[in-house]
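Single-structure report; data block below.
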2 protein chains.
Amino acid sequence: MTLLERKRQLVKDELSHVAAQLIARNGYEETTVEQIVEAAGVSRRTFFRYFRSKEDVIVEMITVVGERAIAELATRPAGEPPGVSVRHALDGMVGDYCAFPAKSLALTRMILDTPALRARYLDRQFEWRREAAAALARRGDGPADLRYGMIAGIAFTALDVALVSWAGSEGREDLAELLDQACDLAGLGSL
Amino acid sequence: MTLLERKRQLVKDELSHVAAQLIARNGYEETTVEQIVEAAGVSRRTFFRYFRSKEDVIVEMITVVGERAIAELATRPAGEPPGVSVRHALDGMVGDYCAFPAKSLALTRMILDTPALRARYLDRQFEWRREAAAALARRGDGPADLRYGMIAGIAFTALDVALVSWAGSEGREDLAELLDQACDLAGLGSL
DNA sequence: CACCTAATGGCACACAGTGTCAAGATGTGC
DNA sequence: GCACATCTTGACACTGTGTGCCATTAGGTG
């Protein structure tokens, strides 16, 4: 069974890789699923067995780091202020980004500049917010109906602002530093 | 020329109205553009001359109040702290919502529960954030690269959190009060 | 009446996404 | 080795969104 799963992963990785390459070269809207599957050597039908939509091929690359951040959030000590916990999760995400700076920058720019991708990405982020808020509430110290939602929302807003500025500077500015500034402006540490 | 424009508006309103009715009854995904134009008495091609996409018919209803809020932001006195200005703009939006509570609630629930609509809505909101940040910077008092972006982002996050909670309570809670709480949690007034 | 502009309808087309079924590969028990 | 269940795949057909193009019609102007 494990061999089958590895085979599946192989096909998925190949599709991701080919898609990223084609789209980076020719643009998102200009690249059809047909072209992707032709280059990957599978049928069009198979593509949609691995990805729910064309947008998902690109957005899933980012999604991975987001879900790792959510998972990390659950491991933070119970007594820690929620704003600090969320901040650590964010730092983890930025760390992931900075592991492949050029690739991350190109991906971020493409998502921010392509309406269809941006919309899908923001929707994913919306779900992260719900999950992050739920994780905070699960080991929560206060009553808080809106509170954890706001903290999670502010955190991802800070990430957004930092990413937009980073992409706008074409990577010349330091992403971690931008995130620091954004978080401090919101007073996230004291929430 | 003004007669022509009024005629155009008439067709657009009819399409909006029919679409809202059909989609409210049968659901968003289950309603096709074909059904909408048939009920409105125009051709399918005409529909796409008035709306860029099927999603836009629904999302534009919300968009109207968002753009009014952006416009209102530009009219705030120059000396006012940005957090306070943004807060007033939000109050204006909530006021618009509360003018038609039942309709607004149904619309909000539908957008939040339908992935395709939610994604489009969040993308619109992303643009509002950019416009709001630009409006604040235009009459800005500080240096602030990230600052206005954060303030605008936090404001819309507060709106989001309030709307989600409002929709979740099925309208039993007071939207204006929820927004107050959300803004206070973020300390928006002192930004 | 002739003329211009703008809106419309109808058609064809590209592309995304889904259901269905037959064929092939893989792993299991006899 | 053989039969069997399972999973993946490819191929086909189909629905639905969105766009380009062109002929027709309505409204306004000289």
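Residue numbering restarts at 1 for every chain of the structure tokens, chains are lettered A, B, ... in their displayed order, and ligands are numbered from 1 as they appear.
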
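Residue-level contacts from chain C to chain B at 12 Å, counting only C-alpha atoms (C1' of nucleotides), read DT5, DA6, DA7, DT8, DG9, DG10 and DC11 of chain C.
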
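If you take only C-alpha atoms (C1' of nucleotides) and a cut-off of 10 Å, the residues of chain D that reach chain B are DG16, DT17, DG18, DT19, DG27 and DG28 of chain D.
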
Legend entry - Exercise answer, chain A residues close to chain B, 9 Å and only C-alpha atoms, as an MDAnalysis selection string: chainID A and resid 115:116 118:124 126 145:147 149:151 153:154 157:158 160:162 165 178 181:183 185:188 191

Inset, instruction - Could you pull out the residues in range 40-171 of chain A that DSSP calls alpha helix (DSSP H) from the backbone, as an MDAnalysis selection string? - result: chainID A and resid 40 44:50 54:74 82:99 101:113 115:138 147:168

Legend entry - Ser104 in chain B environment, 12 Å, only C-alpha atoms (C1' of nucleotides), sequence neighbours closer than 3 positions dropped, as a ChimeraX atom specification: /B:20,58-59,61-62,65,93-101,107-111,163,166-167,170-171,175

Restricting the output to C-alpha atoms, write the selected residues as a tab-separated table (two decimals), in the first residue's frame.
```tsv
chain	number	residue	atom	x	y	z
B	20	ALA	CA	-31.04	36.99	-6.03
B	58	ILE	CA	-24.16	38.46	-5.85
B	59	VAL	CA	-20.91	40.03	-4.72
B	61	MET	CA	-24.61	43.80	-3.95
B	62	ILE	CA	-22.12	43.92	-1.11
B	65	VAL	CA	-21.64	49.47	0.51
B	93	MET	CA	-21.16	50.05	6.31
B	94	VAL	CA	-22.96	48.49	9.25
B	95	GLY	CA	-25.57	51.21	8.97
B	96	ASP	CA	-26.14	50.23	5.35
B	97	TYR	CA	-26.45	46.59	6.36
B	98	CYS	CA	-28.99	47.37	9.05
B	99	ALA	CA	-31.18	49.28	6.63
B	100	PHE	CA	-32.25	45.90	5.22
B	101	PRO	CA	-31.46	43.44	8.00
B	107	LEU	CA	-26.77	37.65	1.57
B	108	THR	CA	-24.00	37.45	4.16
B	109	ARG	CA	-24.84	33.87	5.04
B	110	MET	CA	-24.88	32.85	1.43
B	111	ILE	CA	-21.52	34.48	0.68
B	163	LEU	CA	-20.13	39.41	10.25
B	166	TRP	CA	-23.62	37.79	13.29
B	167	ALA	CA	-24.37	35.26	10.59
B	170	GLU	CA	-28.64	34.08	12.61
B	171	GLY	CA	-29.13	37.76	13.29
B	175	LEU	CA	-24.15	43.65	14.37
```

Legend entry - Straight-line distance linking CA of Ala19 in chain A with CA of Val57 in chain A, stated in Å to one decimal: 7.2 Å
